[in-house]
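Visitor: File name structure_33.txt; file contents compact mmCIF, C-alpha atoms; full text below.
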```
# COMPACT_ATOMS: atom_id res chain seq x y z
CA MET A 4 -119.43 -87.19 54.48
CA HIS A 5 -121.11 -85.93 51.33
CA ARG A 6 -118.83 -84.32 48.71
CA VAL A 7 -119.98 -82.55 45.56
CA LYS A 8 -117.33 -81.11 43.27
CA ARG A 9 -117.98 -77.82 41.51
CA ASN A 10 -119.66 -78.35 38.11
CA GLU A 11 -120.42 -81.95 39.03
CA ARG A 12 -124.10 -82.82 38.78
CA VAL A 13 -125.40 -84.99 41.58
CA ARG A 14 -128.67 -86.70 42.30
CA VAL A 15 -130.77 -84.83 44.86
CA ALA A 16 -133.61 -86.87 46.33
CA LEU A 17 -136.32 -85.17 48.34
CA THR A 18 -140.01 -85.30 49.07
CA LEU A 19 -141.97 -82.56 47.32
CA ASN A 20 -145.52 -82.12 48.55
CA GLY A 21 -145.65 -85.75 49.65
CA ARG A 22 -144.12 -87.19 46.46
CA ARG A 23 -140.64 -88.67 46.48
CA LEU A 24 -138.60 -87.20 43.65
CA ALA A 25 -135.00 -87.16 42.54
CA ALA A 26 -133.23 -85.05 39.95
CA ASP A 27 -129.76 -83.71 39.17
CA ALA A 28 -128.35 -80.45 40.48
CA GLU A 29 -125.02 -78.67 40.74
CA ALA A 30 -123.63 -77.73 44.15
CA ARG A 31 -124.49 -74.09 43.48
CA THR A 32 -128.07 -74.69 42.27
CA LEU A 33 -130.49 -72.78 44.48
CA LEU A 34 -133.47 -74.70 45.79
CA CYS A 35 -135.90 -72.19 44.22
CA ASP A 36 -134.40 -72.84 40.77
CA PHE A 37 -134.31 -76.58 41.35
CA LEU A 38 -138.02 -76.53 42.22
CA ARG A 39 -139.02 -74.36 39.27
CA HIS A 40 -136.66 -75.33 36.45
CA THR A 41 -135.79 -78.92 37.25
CA LEU A 42 -138.91 -80.23 39.01
CA GLY A 43 -141.34 -77.92 37.21
CA ALA A 44 -143.01 -76.74 40.42
CA THR A 45 -143.49 -73.14 39.39
CA GLY A 46 -145.84 -72.14 42.19
CA THR A 47 -142.85 -70.89 44.16
CA HIS A 48 -141.91 -67.43 42.90
CA VAL A 49 -138.44 -65.91 42.81
CA GLY A 50 -138.09 -62.22 43.54
CA CYS A 51 -134.95 -60.67 44.95
CA GLU A 52 -132.71 -63.76 45.21
CA HIS A 53 -131.07 -62.52 48.39
CA GLY A 54 -133.59 -63.34 51.08
CA VAL A 55 -135.31 -59.98 51.44
CA CYS A 56 -138.62 -60.19 49.55
CA GLY A 57 -139.88 -63.56 50.84
CA ALA A 58 -141.61 -64.56 47.58
CA CYS A 59 -139.68 -67.86 47.41
CA THR A 60 -140.53 -69.02 50.96
CA VAL A 61 -141.23 -72.77 51.19
CA LEU A 62 -141.42 -75.24 54.05
CA ILE A 63 -138.48 -77.57 54.67
CA ASP A 64 -139.44 -80.22 57.20
CA GLY A 65 -142.33 -77.93 58.13
CA VAL A 66 -140.18 -74.83 58.73
CA ALA A 67 -140.62 -71.67 56.62
CA THR A 68 -137.39 -71.13 54.70
CA ARG A 69 -136.13 -68.86 51.93
CA SER A 70 -135.60 -71.23 49.01
CA CYS A 71 -133.29 -68.66 47.34
CA LEU A 72 -130.96 -68.91 50.36
CA THR A 73 -130.98 -72.70 50.33
CA LEU A 74 -128.97 -74.92 48.01
CA ALA A 75 -130.77 -77.81 46.38
CA VAL A 76 -128.13 -80.15 47.84
CA GLN A 77 -129.03 -78.91 51.32
CA ALA A 78 -132.59 -80.16 50.82
CA GLU A 79 -131.37 -83.71 50.17
CA GLY A 80 -133.58 -86.13 52.12
CA ARG A 81 -135.83 -83.35 53.39
CA ALA A 82 -139.58 -82.85 52.98
CA VAL A 83 -140.24 -79.72 50.94
CA GLU A 84 -143.70 -78.21 50.76
CA THR A 85 -144.70 -75.49 48.36
CA VAL A 86 -147.89 -73.57 47.65
CA GLU A 87 -149.01 -76.42 45.38
CA SER A 88 -149.57 -78.51 48.53
CA LEU A 89 -152.23 -76.25 50.02
CA ALA A 90 -155.39 -76.79 47.97
CA GLY A 91 -157.20 -80.15 48.04
CA PRO A 92 -156.94 -82.63 45.15
CA ASP A 93 -160.25 -81.25 43.81
CA GLY A 94 -158.84 -77.73 43.86
CA ALA A 95 -160.74 -76.71 46.99
CA LEU A 96 -158.93 -73.89 48.77
CA ASN A 97 -157.67 -74.56 52.27
CA PRO A 98 -158.83 -72.22 55.07
CA LEU A 99 -155.76 -69.96 54.74
CA GLN A 100 -156.25 -69.61 50.99
CA GLN A 101 -160.00 -69.12 51.43
CA ALA A 102 -159.37 -66.33 53.94
CA PHE A 103 -157.08 -64.62 51.43
CA ARG A 104 -159.76 -64.91 48.76
CA ASP A 105 -162.52 -63.64 51.05
CA ASN A 106 -160.49 -60.60 52.09
CA HIS A 107 -159.07 -59.64 48.71
CA ALA A 108 -155.62 -60.36 50.14
CA LEU A 109 -153.95 -60.65 46.77
CA GLN A 110 -153.70 -58.41 43.79
CA CYS A 111 -151.03 -59.51 41.28
CA GLY A 112 -150.36 -62.64 43.35
CA PHE A 113 -146.59 -62.66 42.97
CA CYS A 114 -145.83 -62.48 46.71
CA THR A 115 -148.77 -64.70 47.73
CA PRO A 116 -147.18 -68.19 47.61
CA GLY A 117 -144.39 -67.15 49.97
CA ILE A 118 -146.77 -65.44 52.40
CA LEU A 119 -149.07 -68.48 52.44
CA MET A 120 -146.14 -70.79 53.23
CA SER A 121 -144.80 -68.52 55.99
CA PHE A 122 -148.15 -68.45 57.72
CA THR A 123 -148.69 -72.18 57.19
CA ASP A 124 -145.67 -72.62 59.46
CA TYR A 125 -146.34 -69.71 61.83
CA LEU A 126 -150.05 -70.37 62.49
CA LYS A 127 -149.24 -73.97 63.36
CA ARG A 128 -147.01 -72.62 66.14
CA ASN A 129 -149.32 -69.78 67.11
CA PRO A 130 -152.92 -70.36 65.88
CA HIS A 131 -154.28 -67.33 67.79
CA ALA A 132 -151.61 -64.86 66.71
CA SER A 133 -152.33 -61.23 67.56
CA GLU A 134 -152.38 -58.53 64.91
CA ALA A 135 -148.95 -57.34 66.10
CA GLU A 136 -147.55 -60.86 65.73
CA ILE A 137 -149.15 -61.21 62.29
CA ARG A 138 -147.59 -57.93 61.17
CA ASP A 139 -144.21 -58.97 62.56
CA VAL A 140 -144.20 -62.21 60.55
CA LEU A 141 -145.57 -60.40 57.49
CA SER A 142 -142.64 -57.98 57.71
CA GLY A 143 -140.56 -60.82 56.24
CA HIS A 144 -142.41 -60.35 52.94
CA LEU A 145 -142.71 -57.58 50.42
CA CYS A 146 -145.96 -56.99 48.53
CA ARG A 147 -145.21 -54.45 45.83
CA CYS A 148 -148.93 -53.98 45.18
CA THR A 149 -148.88 -52.76 48.82
CA GLY A 150 -151.89 -54.94 49.56
CA TYR A 151 -150.93 -55.43 53.18
CA ALA A 152 -154.26 -54.29 54.67
CA GLY A 153 -156.13 -57.12 52.94
CA ILE A 154 -153.46 -59.65 53.93
CA VAL A 155 -153.65 -58.62 57.59
CA ALA A 156 -157.47 -58.74 57.43
CA ALA A 157 -157.36 -62.28 56.02
CA LEU A 158 -155.00 -63.48 58.72
CA LYS A 159 -157.02 -61.80 61.49
CA ASP A 160 -160.12 -63.50 60.15
CA LEU A 161 -158.41 -66.84 60.28
CA THR A 162 -156.81 -66.50 63.72
CA LYS A 163 -160.13 -65.35 65.18
CA SER A 164 -161.97 -68.36 63.82
CA SER A 165 -159.24 -70.89 64.68
CA PRO A 166 -160.43 -73.55 67.09
CA MET B 6 -128.06 -63.44 40.63
CA LYS B 7 -126.62 -66.91 41.05
CA PRO B 8 -123.48 -67.92 42.94
CA ARG B 9 -120.28 -68.89 41.18
CA PRO B 10 -119.39 -72.60 41.29
CA PHE B 11 -118.00 -74.06 44.50
CA ASP B 12 -117.43 -77.47 46.05
CA TYR B 13 -120.09 -78.53 48.56
CA LEU B 14 -119.01 -80.63 51.51
CA ARG B 15 -121.26 -81.98 54.20
CA PRO B 16 -119.25 -83.51 57.04
CA ASP B 17 -120.98 -85.73 59.59
CA THR B 18 -118.77 -84.81 62.54
CA ILE B 19 -116.88 -81.85 63.95
CA GLU B 20 -113.60 -83.69 63.29
CA GLU B 21 -114.43 -84.08 59.60
CA ALA B 22 -115.39 -80.40 59.38
CA VAL B 23 -112.11 -79.33 60.97
CA ALA B 24 -110.14 -81.65 58.63
CA LEU B 25 -111.87 -80.04 55.63
CA LEU B 26 -110.96 -76.58 56.92
CA ALA B 27 -107.33 -77.68 57.20
CA GLU B 28 -107.53 -78.96 53.62
CA TYR B 29 -109.18 -75.89 52.05
CA GLY B 30 -107.98 -73.13 54.41
CA ASP B 31 -109.12 -69.60 53.55
CA GLY B 32 -110.82 -70.83 50.38
CA ALA B 33 -113.57 -72.53 52.41
CA ARG B 34 -116.60 -70.95 53.98
CA ILE B 35 -118.65 -72.52 56.73
CA LEU B 36 -122.33 -72.86 55.79
CA ALA B 37 -124.65 -73.17 58.78
CA GLY B 38 -127.93 -71.29 58.21
CA GLY B 39 -126.66 -69.42 55.17
CA GLN B 40 -128.75 -66.32 55.85
CA SER B 41 -125.76 -63.96 55.59
CA LEU B 42 -123.44 -66.10 53.44
CA VAL B 43 -125.81 -67.17 50.66
CA PRO B 44 -127.03 -63.63 49.87
CA MET B 45 -123.38 -62.58 49.55
CA LEU B 46 -122.69 -65.58 47.30
CA ASN B 47 -125.77 -64.84 45.20
CA LEU B 48 -124.71 -61.20 44.84
CA ARG B 49 -121.14 -62.38 44.18
CA ILE B 50 -119.80 -60.15 46.92
CA VAL B 51 -117.92 -63.17 48.24
CA GLU B 52 -116.52 -66.16 46.44
CA ALA B 53 -115.81 -69.50 47.99
CA GLU B 54 -113.78 -72.41 46.73
CA ALA B 55 -115.82 -74.69 48.98
CA LEU B 56 -118.79 -74.55 51.32
CA ILE B 57 -118.62 -76.77 54.39
CA ASP B 58 -122.19 -77.42 55.52
CA ILE B 59 -122.21 -78.00 59.29
CA SER B 60 -125.98 -77.77 59.70
CA ARG B 61 -126.47 -81.53 60.11
CA ILE B 62 -123.76 -82.09 62.72
CA ALA B 63 -125.89 -83.07 65.70
CA ALA B 64 -123.14 -82.27 68.24
CA LEU B 65 -123.31 -78.60 67.22
CA ASP B 66 -127.08 -78.28 67.58
CA ALA B 67 -127.30 -77.93 71.37
CA ILE B 68 -128.05 -75.23 73.92
CA ASP B 69 -126.11 -76.26 77.01
CA ASP B 70 -126.99 -74.66 80.35
CA ARG B 71 -123.79 -74.89 82.40
CA GLY B 72 -125.07 -72.77 85.26
CA GLN B 73 -122.78 -69.72 85.06
CA THR B 74 -122.66 -69.80 81.28
CA ILE B 75 -124.93 -70.85 78.48
CA GLU B 76 -123.14 -72.54 75.59
CA ILE B 77 -124.83 -72.29 72.22
CA GLY B 78 -123.60 -74.63 69.48
CA ALA B 79 -122.79 -73.50 65.96
CA ALA B 80 -125.82 -75.16 64.36
CA VAL B 81 -128.38 -73.66 66.78
CA THR B 82 -130.75 -71.40 64.88
CA GLN B 83 -131.88 -68.02 66.15
CA ASN B 84 -135.48 -69.24 66.41
CA LYS B 85 -134.39 -72.31 68.36
CA LEU B 86 -132.73 -70.04 70.92
CA LEU B 87 -135.72 -67.69 70.91
CA ALA B 88 -137.99 -70.64 71.69
CA TRP B 89 -135.72 -71.91 74.50
CA PRO B 90 -137.94 -71.75 77.61
CA GLN B 91 -135.08 -70.51 79.84
CA LEU B 92 -134.06 -67.65 77.56
CA GLY B 93 -135.81 -64.79 79.37
CA GLN B 94 -134.57 -66.00 82.73
CA LYS B 95 -130.97 -66.81 81.79
CA LEU B 96 -130.23 -64.41 78.96
CA PRO B 97 -132.66 -61.48 79.22
CA LEU B 98 -130.53 -59.24 77.00
CA VAL B 99 -130.50 -61.85 74.22
CA ALA B 100 -134.27 -62.28 74.67
CA ALA B 101 -134.67 -58.54 74.06
CA ALA B 102 -132.26 -58.35 71.12
CA LEU B 103 -133.04 -61.53 69.21
CA PRO B 104 -136.49 -60.53 67.84
CA HIS B 105 -134.69 -57.70 65.99
CA VAL B 106 -132.42 -60.12 64.11
CA GLY B 107 -133.82 -60.44 60.60
CA HIS B 108 -137.32 -61.87 60.27
CA PHE B 109 -139.20 -64.95 61.51
CA GLN B 110 -138.38 -66.67 58.21
CA THR B 111 -134.62 -65.95 58.31
CA ARG B 112 -134.37 -66.75 62.04
CA ASN B 113 -135.71 -70.22 61.18
CA LYS B 114 -132.38 -70.97 59.46
CA GLY B 115 -129.95 -68.26 60.55
CA THR B 116 -127.71 -69.37 63.41
CA VAL B 117 -126.57 -67.53 66.52
CA CYS B 118 -122.92 -68.32 65.86
CA GLY B 119 -123.27 -67.45 62.17
CA SER B 120 -124.42 -63.95 63.00
CA ILE B 121 -121.44 -63.56 65.33
CA ALA B 122 -119.05 -64.99 62.72
CA HIS B 123 -120.40 -62.58 60.10
CA ALA B 124 -119.50 -59.67 62.44
CA ASP B 125 -121.62 -56.94 60.98
CA PRO B 126 -120.77 -53.80 62.98
CA SER B 127 -124.38 -52.93 63.85
CA SER B 128 -125.63 -56.48 64.29
CA GLU B 129 -127.55 -57.37 67.47
CA LEU B 130 -125.96 -60.66 68.55
CA PRO B 131 -122.33 -59.45 68.37
CA LEU B 132 -123.44 -56.46 70.45
CA ALA B 133 -125.05 -58.71 73.08
CA LEU B 134 -121.96 -60.92 73.09
CA ALA B 135 -119.62 -57.95 73.61
CA LEU B 136 -121.78 -56.38 76.27
CA LEU B 137 -122.18 -59.61 78.24
CA GLY B 138 -118.47 -60.37 77.91
CA GLY B 139 -119.05 -63.73 76.26
CA GLU B 140 -116.57 -66.07 74.61
CA ILE B 141 -116.17 -67.81 71.29
CA VAL B 142 -114.91 -71.40 71.07
CA LEU B 143 -112.75 -72.11 68.01
CA LYS B 144 -111.54 -75.54 66.99
CA SER B 145 -108.91 -76.58 64.48
CA GLN B 146 -106.56 -79.50 64.07
CA ARG B 147 -104.06 -77.41 66.06
CA GLY B 148 -106.36 -77.44 69.10
CA ILE B 149 -109.08 -75.39 70.78
CA ARG B 150 -108.93 -71.64 71.38
CA VAL B 151 -111.38 -69.70 73.50
CA LEU B 152 -111.45 -65.99 72.71
CA ALA B 153 -113.13 -63.19 74.62
CA ALA B 154 -115.67 -61.24 72.55
CA LYS B 155 -113.45 -58.15 72.50
CA ASP B 156 -110.54 -60.16 71.07
CA PHE B 157 -112.74 -61.90 68.50
CA GLN B 158 -114.42 -59.14 66.51
CA LYS B 159 -111.58 -57.04 65.09
CA ASP B 160 -113.38 -54.74 62.70
CA MET B 161 -116.20 -54.54 60.18
CA LEU B 162 -116.85 -58.15 59.00
CA THR B 163 -113.41 -59.08 60.33
CA THR B 164 -112.71 -61.50 63.15
CA ALA B 165 -109.72 -63.21 64.75
CA ARG B 166 -110.81 -66.61 63.43
CA ALA B 167 -107.98 -68.28 61.53
CA GLY B 168 -108.76 -69.88 58.17
CA ASP B 169 -108.56 -73.40 59.55
CA GLU B 170 -110.74 -72.75 62.62
CA LEU B 171 -114.37 -73.70 63.10
CA ILE B 172 -116.50 -71.75 65.56
CA THR B 173 -118.05 -74.61 67.49
CA ALA B 174 -119.96 -72.56 70.07
CA VAL B 175 -120.47 -69.25 71.77
CA ARG B 176 -120.61 -68.92 75.57
CA LEU B 177 -122.74 -66.28 77.22
CA PRO B 178 -122.69 -65.52 80.94
CA ALA B 179 -126.09 -66.25 82.49
CA ALA B 180 -127.96 -63.70 84.57
CA ASN B 181 -127.72 -64.90 88.15
CA GLY B 182 -130.20 -65.13 90.99
CA ASN B 183 -128.78 -62.07 92.77
CA GLY B 184 -130.17 -59.86 90.07
CA ILE B 185 -126.82 -59.32 88.33
CA GLY B 186 -127.48 -59.14 84.62
CA ARG B 187 -131.26 -59.00 85.07
CA GLY B 188 -131.70 -55.32 84.33
CA VAL B 189 -131.35 -54.92 80.58
CA GLY B 190 -132.38 -52.53 77.87
CA PHE B 191 -132.20 -52.80 74.10
CA ARG B 192 -133.20 -50.43 71.31
CA GLU B 193 -132.26 -49.99 67.71
CA VAL B 194 -133.10 -47.81 64.76
CA ALA B 195 -133.48 -49.44 61.36
CA ARG B 196 -135.24 -48.26 58.20
CA ARG B 197 -137.72 -51.10 58.62
CA HIS B 198 -138.13 -53.70 61.34
CA GLY B 199 -135.84 -56.62 60.54
CA ASP B 200 -133.42 -54.57 58.43
CA PHE B 201 -129.84 -54.16 59.54
CA ALA B 202 -129.76 -51.70 62.41
CA ILE B 203 -128.27 -48.29 61.67
CA VAL B 204 -127.47 -47.98 65.36
CA ALA B 205 -128.23 -50.51 68.11
CA VAL B 206 -127.80 -49.70 71.80
CA ALA B 207 -127.97 -52.06 74.75
CA ALA B 208 -127.37 -51.79 78.49
CA VAL B 209 -126.95 -54.15 81.42
CA ALA B 210 -127.39 -52.63 84.89
CA GLU B 211 -124.47 -53.23 87.26
CA SER B 212 -126.27 -51.54 90.13
CA LYS B 213 -128.89 -48.81 90.56
CA ASN B 214 -126.17 -46.29 89.75
CA ALA B 215 -124.24 -47.67 86.83
CA VAL B 216 -124.68 -49.69 83.66
CA ARG B 217 -122.49 -51.34 81.07
CA LEU B 218 -123.53 -49.64 77.86
CA GLY B 219 -122.90 -51.08 74.42
CA VAL B 220 -123.35 -49.61 70.97
CA GLY B 221 -123.26 -51.14 67.52
CA GLY B 222 -123.02 -49.10 64.33
CA LEU B 223 -120.59 -46.44 65.52
CA ALA B 224 -117.35 -48.34 64.92
CA GLY B 225 -116.10 -51.45 63.14
CA ALA B 226 -117.11 -53.57 66.12
CA PRO B 227 -119.54 -53.12 69.03
CA MET B 228 -118.11 -50.83 71.73
CA VAL B 229 -118.74 -51.21 75.45
CA ARG B 230 -118.17 -48.81 78.33
CA ARG B 231 -119.24 -48.48 81.96
CA ILE B 232 -121.46 -45.42 82.41
CA ALA B 233 -122.63 -43.91 85.71
CA VAL B 234 -126.32 -43.03 85.72
CA ASP B 235 -125.51 -39.61 87.14
CA GLY B 236 -124.30 -37.49 84.26
CA ALA B 237 -124.96 -40.29 81.76
CA GLU B 238 -126.13 -38.00 78.95
CA LYS B 239 -122.92 -35.97 79.01
CA ALA B 240 -120.76 -39.10 79.23
CA VAL B 241 -122.59 -40.63 76.25
CA ARG B 242 -122.15 -37.44 74.19
CA GLU B 243 -118.43 -37.39 74.90
CA TRP B 244 -118.12 -41.07 74.03
CA ALA B 245 -120.09 -40.61 70.80
CA GLY B 246 -117.64 -37.85 69.84
CA GLU B 247 -114.67 -40.15 70.48
CA LEU B 248 -116.21 -42.97 68.42
CA GLU B 249 -116.92 -40.66 65.47
CA GLY B 250 -119.03 -43.25 63.58
CA TYR B 251 -118.95 -43.99 59.87
CA GLU B 252 -120.95 -43.05 56.83
CA ASP B 253 -122.73 -45.38 54.44
CA LEU B 254 -125.84 -45.44 52.24
CA HIS B 255 -128.15 -45.47 55.24
CA ALA B 256 -126.81 -42.77 57.52
CA SER B 257 -124.13 -40.15 57.98
CA ALA B 258 -121.66 -40.43 60.86
CA ALA B 259 -123.33 -37.43 62.54
CA MET B 260 -126.74 -39.10 62.32
CA ARG B 261 -125.32 -42.26 63.88
CA ARG B 262 -123.85 -40.28 66.78
CA ASP B 263 -127.14 -38.47 67.20
CA LEU B 264 -129.13 -41.73 67.24
CA PHE B 265 -126.77 -43.12 69.87
CA CYS B 266 -127.12 -40.02 72.08
CA ASN B 267 -130.92 -40.26 71.84
CA LEU B 268 -131.24 -44.02 72.35
CA ALA B 269 -128.73 -44.35 75.20
CA PRO B 270 -130.75 -42.56 77.91
CA LEU B 271 -133.84 -44.66 77.07
CA VAL B 272 -131.89 -47.89 77.20
CA ILE B 273 -130.14 -46.95 80.46
CA GLU B 274 -133.50 -46.08 82.00
CA GLU B 275 -134.96 -49.43 80.87
CA ALA B 276 -132.04 -51.34 82.35
CA ILE B 277 -132.22 -49.54 85.69
CA ARG B 278 -136.02 -49.89 85.83
CA CYS B 279 -135.73 -53.70 85.37
CA THR B 280 -133.48 -53.96 88.43
CA ALA B 281 -136.10 -52.29 90.65
```
What is this structure when it is put down as structure tokens?

Guide:
Amino acid sequence: MHRVKRNERVRVALTLNGRRLAADAEARTLLCDFLRHTLGATGTHVGCEHGVCGACTVLIDGVATRSCLTLAVQAEGRAVETVESLAGPDGALNPLQQAFRDNHALQCGFCTPGILMSFTDYLKRNPHASEAEIRDVLSGHLCRCTGYAGIVAALKDLTKSSP
Amino acid sequence: MKPRPFDYLRPDTIEEAVALLAEYGDGARILAGGQSLVPMLNLRIVEAEALIDISRIAALDAIDDRGQTIEIGAAVTQNKLLAWPQLGQKLPLVAAALPHVGHFQTRNKGTVCGSIAHADPSSELPLALALLGGEIVLKSQRGIRVLAAKDFQKDMLTTARAGDELITAVRLPAANGNGIGRGVGFREVARRHGDFAIVAVAAVAESKNAVRLGVGGLAGAPMVRRIAVDGAEKAVREWAGELEGYEDLHASAAMRRDLFCNLAPLVIEEAIRCTA
């Protein structure tokens, strides 16, 4: 049994983008804040803080998850992946990112990290997703620039060309 | 916003979880997927003295096909059930309703039992549970209780669960080989796909001539009634009048009744068509 008292700070150890890290958090610290404020991984954006906008979506053990609806202590021992994991060490965009770039699928870019992480999970499960399936998964994200057409175009491009 | 401080407890077994509930009582909240609870904590709509995280208790993470019933453990996520290969065959109503629960991303963490425990009046899974006549298994240090769906959900966000009880599983009757429970229909109206339904309507065909019809969003809990196909529209209108409905930000009571009267014939037709 793991017990954390309110206002107690405990060590949370996890793997972030392949690196093992540990830092202190309170029981109530949200994973999104732990990533950004404590670990300095600011690629993950925080929008609504109640699971609606999808901006904070990350992968936990490969599964797309709202990091604003996850406590840092819940991620103990898990593998967390954020948008920082996508590009190569030389900065080369991965195919998903490249498709977004080619199709002008981002404007202000605030919602982009969450959308990229959602589809990193979803396209692994369903590499040849139909447009209807793409739109269904995209419905878990809000783009306040309303740039959905470009996002759908990027994802269609990618699913068409998937091996 | 950020949640107020609470204790965080992660038991390794069901017994430890139940002991913690006995210790904290009403001050504790069970955390499974957190997709309903954590937003309410973040918005400070609810406060908890302690969160008891059951998501890593392996014994609760199982879908158990017992032939007549399917038992779904409290840590089973909505996407895990949706990906269960037998779902369409065994639980066709749940297969139709589940894609309407939240989004892909929230279904990855949100649990089947959590949605039922939350007891939103227009929520899809409580409606399916009520319509199928399922059961909820509750465990405390005092013993195990099994409650019928209609005895479990009392009112809006209110259930018969006692403060020291853990929902360990939900049991849903499986559709059988004779075609009973095979004919189903499900429709809902929401502002956007994945939002809370304003009104959700579901039907299970009993025969070619009658269905069990269920509606969420017209009362504090899902309501179920047997409706004959002949004269169904009139029967639904009368029922809608009896249920009255409620008003909130999203819809007036009259609009809810109207949505029900318009959705019901479509859902009944779908259910009957599936039995053909």

Visitor: Just how far from atom CA of B:Gln83 is atom CA of B:Ala167, in Å to one decimal?

Guide: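 Value for the atom CA of B:Ala167-atom CA of B:Gln83 distance: 24.3 Å.
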
Visitor: Taking all atoms listed in the file into account, name the residue in A:Ile118, A:Val76, A:Cys71, A:Ile154 that is nearest to B:Leu48.

Guide: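 Comparing A:Ile118, A:Val76, A:Cys71, A:Ile154 against B:Leu48, the winner is A:Cys71.
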
Visitor: Find the residue from B:Glu129, B:Asp200, B:Glu275, B:Glu247 that sits nearest to B:Arg187; use all atoms listed in the file when measuring.

Guide: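 Of B:Glu129, B:Asp200, B:Glu275, B:Glu247, the one nearest B:Arg187, counting all atoms listed in the file, is B:Glu275.
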
Visitor: When you count all atoms listed in the file, which of these residues is closest to chain A: B:Val51, B:Gly107, B:Ile19, B:Arg150?

Guide: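 Nearest to chain A: B:Gly107.
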
Visitor: What are the closest atom pairs, with distances in Å to one decimal, for all residues of chain B lying within 7 Å of chain A? Consider all atoms listed in the file, order rows by chain and residue number, and present the result as a tab-separated table.

Guide:
```
residue	atom	partner	partner_atom	distance
B:Met6	CA	A:Glu52	CA	6.5
B:Pro8	CA	A:Arg31	CA	6.3
B:Pro10	CA	A:Arg9	CA	5.4
B:Phe11	CA	A:Arg9	CA	4.8
B:Asp12	CA	A:Lys8	CA	4.6
B:Tyr13	CA	A:Val7	CA	5.0
B:Leu14	CA	A:Arg6	CA	4.6
B:Arg15	CA	A:His5	CA	4.9
B:Pro16	CA	A:Met4	CA	4.5
B:Asp17	CA	A:Met4	CA	5.5
B:Gly39	CA	A:Leu72	CA	6.5
B:Gln40	CA	A:Leu72	CA	6.5
B:Val43	CA	A:Leu72	CA	5.4
B:Pro44	CA	A:His53	CA	4.4
B:Asn47	CA	A:His53	CA	6.6
B:His108	CA	A:Gly143	CA	5.3
B:Phe109	CA	A:Val140	CA	5.8
B:Gln110	CA	A:Ala67	CA	5.7
B:Thr111	CA	A:Thr68	CA	6.9
B:Asn113	CA	A:Thr68	CA	6.8
B:Lys114	CA	A:Thr68	CA	6.9
```

Visitor: Would you list the contacts of B:Ala53 as number ranges by chain, taking every protein, DNA or RNA residue within 9 Å and counting only C-alpha atoms, but skipping same-chain residues closer than 3 positions in sequence?

Guide: B: 9-12, 31-34, 46, 56

Visitor: Would you mind reading off the distance between atom CA of B:Pro227 and atom CA of B:Ser127, one decimal, in Å?

Guide: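 Here the two named atoms are 7.1 Å from each other.
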
Visitor: Check which residues of stretch 80-197 of chain B sit at most 12 Å from stretch 230-235 of chain B using only C-alpha atoms, and return one row each with the closest pair of atoms and their distance in Å to one decimal, ordered by chain and rising number, as CSV.

Guide:
```
residue,atom,partner,partner_atom,distance
B:Ala135,CA,B:Arg230,CA,10.4
B:Leu136,CA,B:Arg230,CA,8.6
B:Leu137,CA,B:Arg230,CA,11.5
B:Gly138,CA,B:Arg230,CA,11.6
B:Lys155,CA,B:Arg230,CA,12.0
```

Visitor: Using Å and a single decimal, report how far atom CA of B:Arg197 sits from atom CA of B:Val220.

Guide: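 The value is 19.0 Å.
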
Visitor: Centre and edge lengths of an axis-aligned box around all listed atoms of stretch 118-123 of chain A, with 3 Å added on each side, are to be given in Å to one decimal, as JSON.

Guide:
```
{"center_x": -146.9, "center_y": -68.8, "center_z": 55.1, "size_x": 10.3, "size_y": 12.7, "size_z": 11.3}
```

Visitor: Neighbouring residues of B:Phe191 were defined as those with any atom within 8 Å, considering all atoms listed in the file; residues of the same chain fewer than 2 positions away were excluded. Please report them as a list in words.

Guide: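 Residues meeting the cut-off are Leu98, Ala101, Ala102, Val189, Glu193, Ala205, Val206, Ala207, Ala208 and Val272 of chain B.
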
Visitor: Tell me which protein, DNA and RNA residues are within 10 Å of A:His48, counting all atoms listed in the file, leaving out same-chain ones fewer than 4 positions away, and put them as a ChimeraX atom specification.

Guide: /A:35-36,38-39,44,57-61,70-71,86,112-117
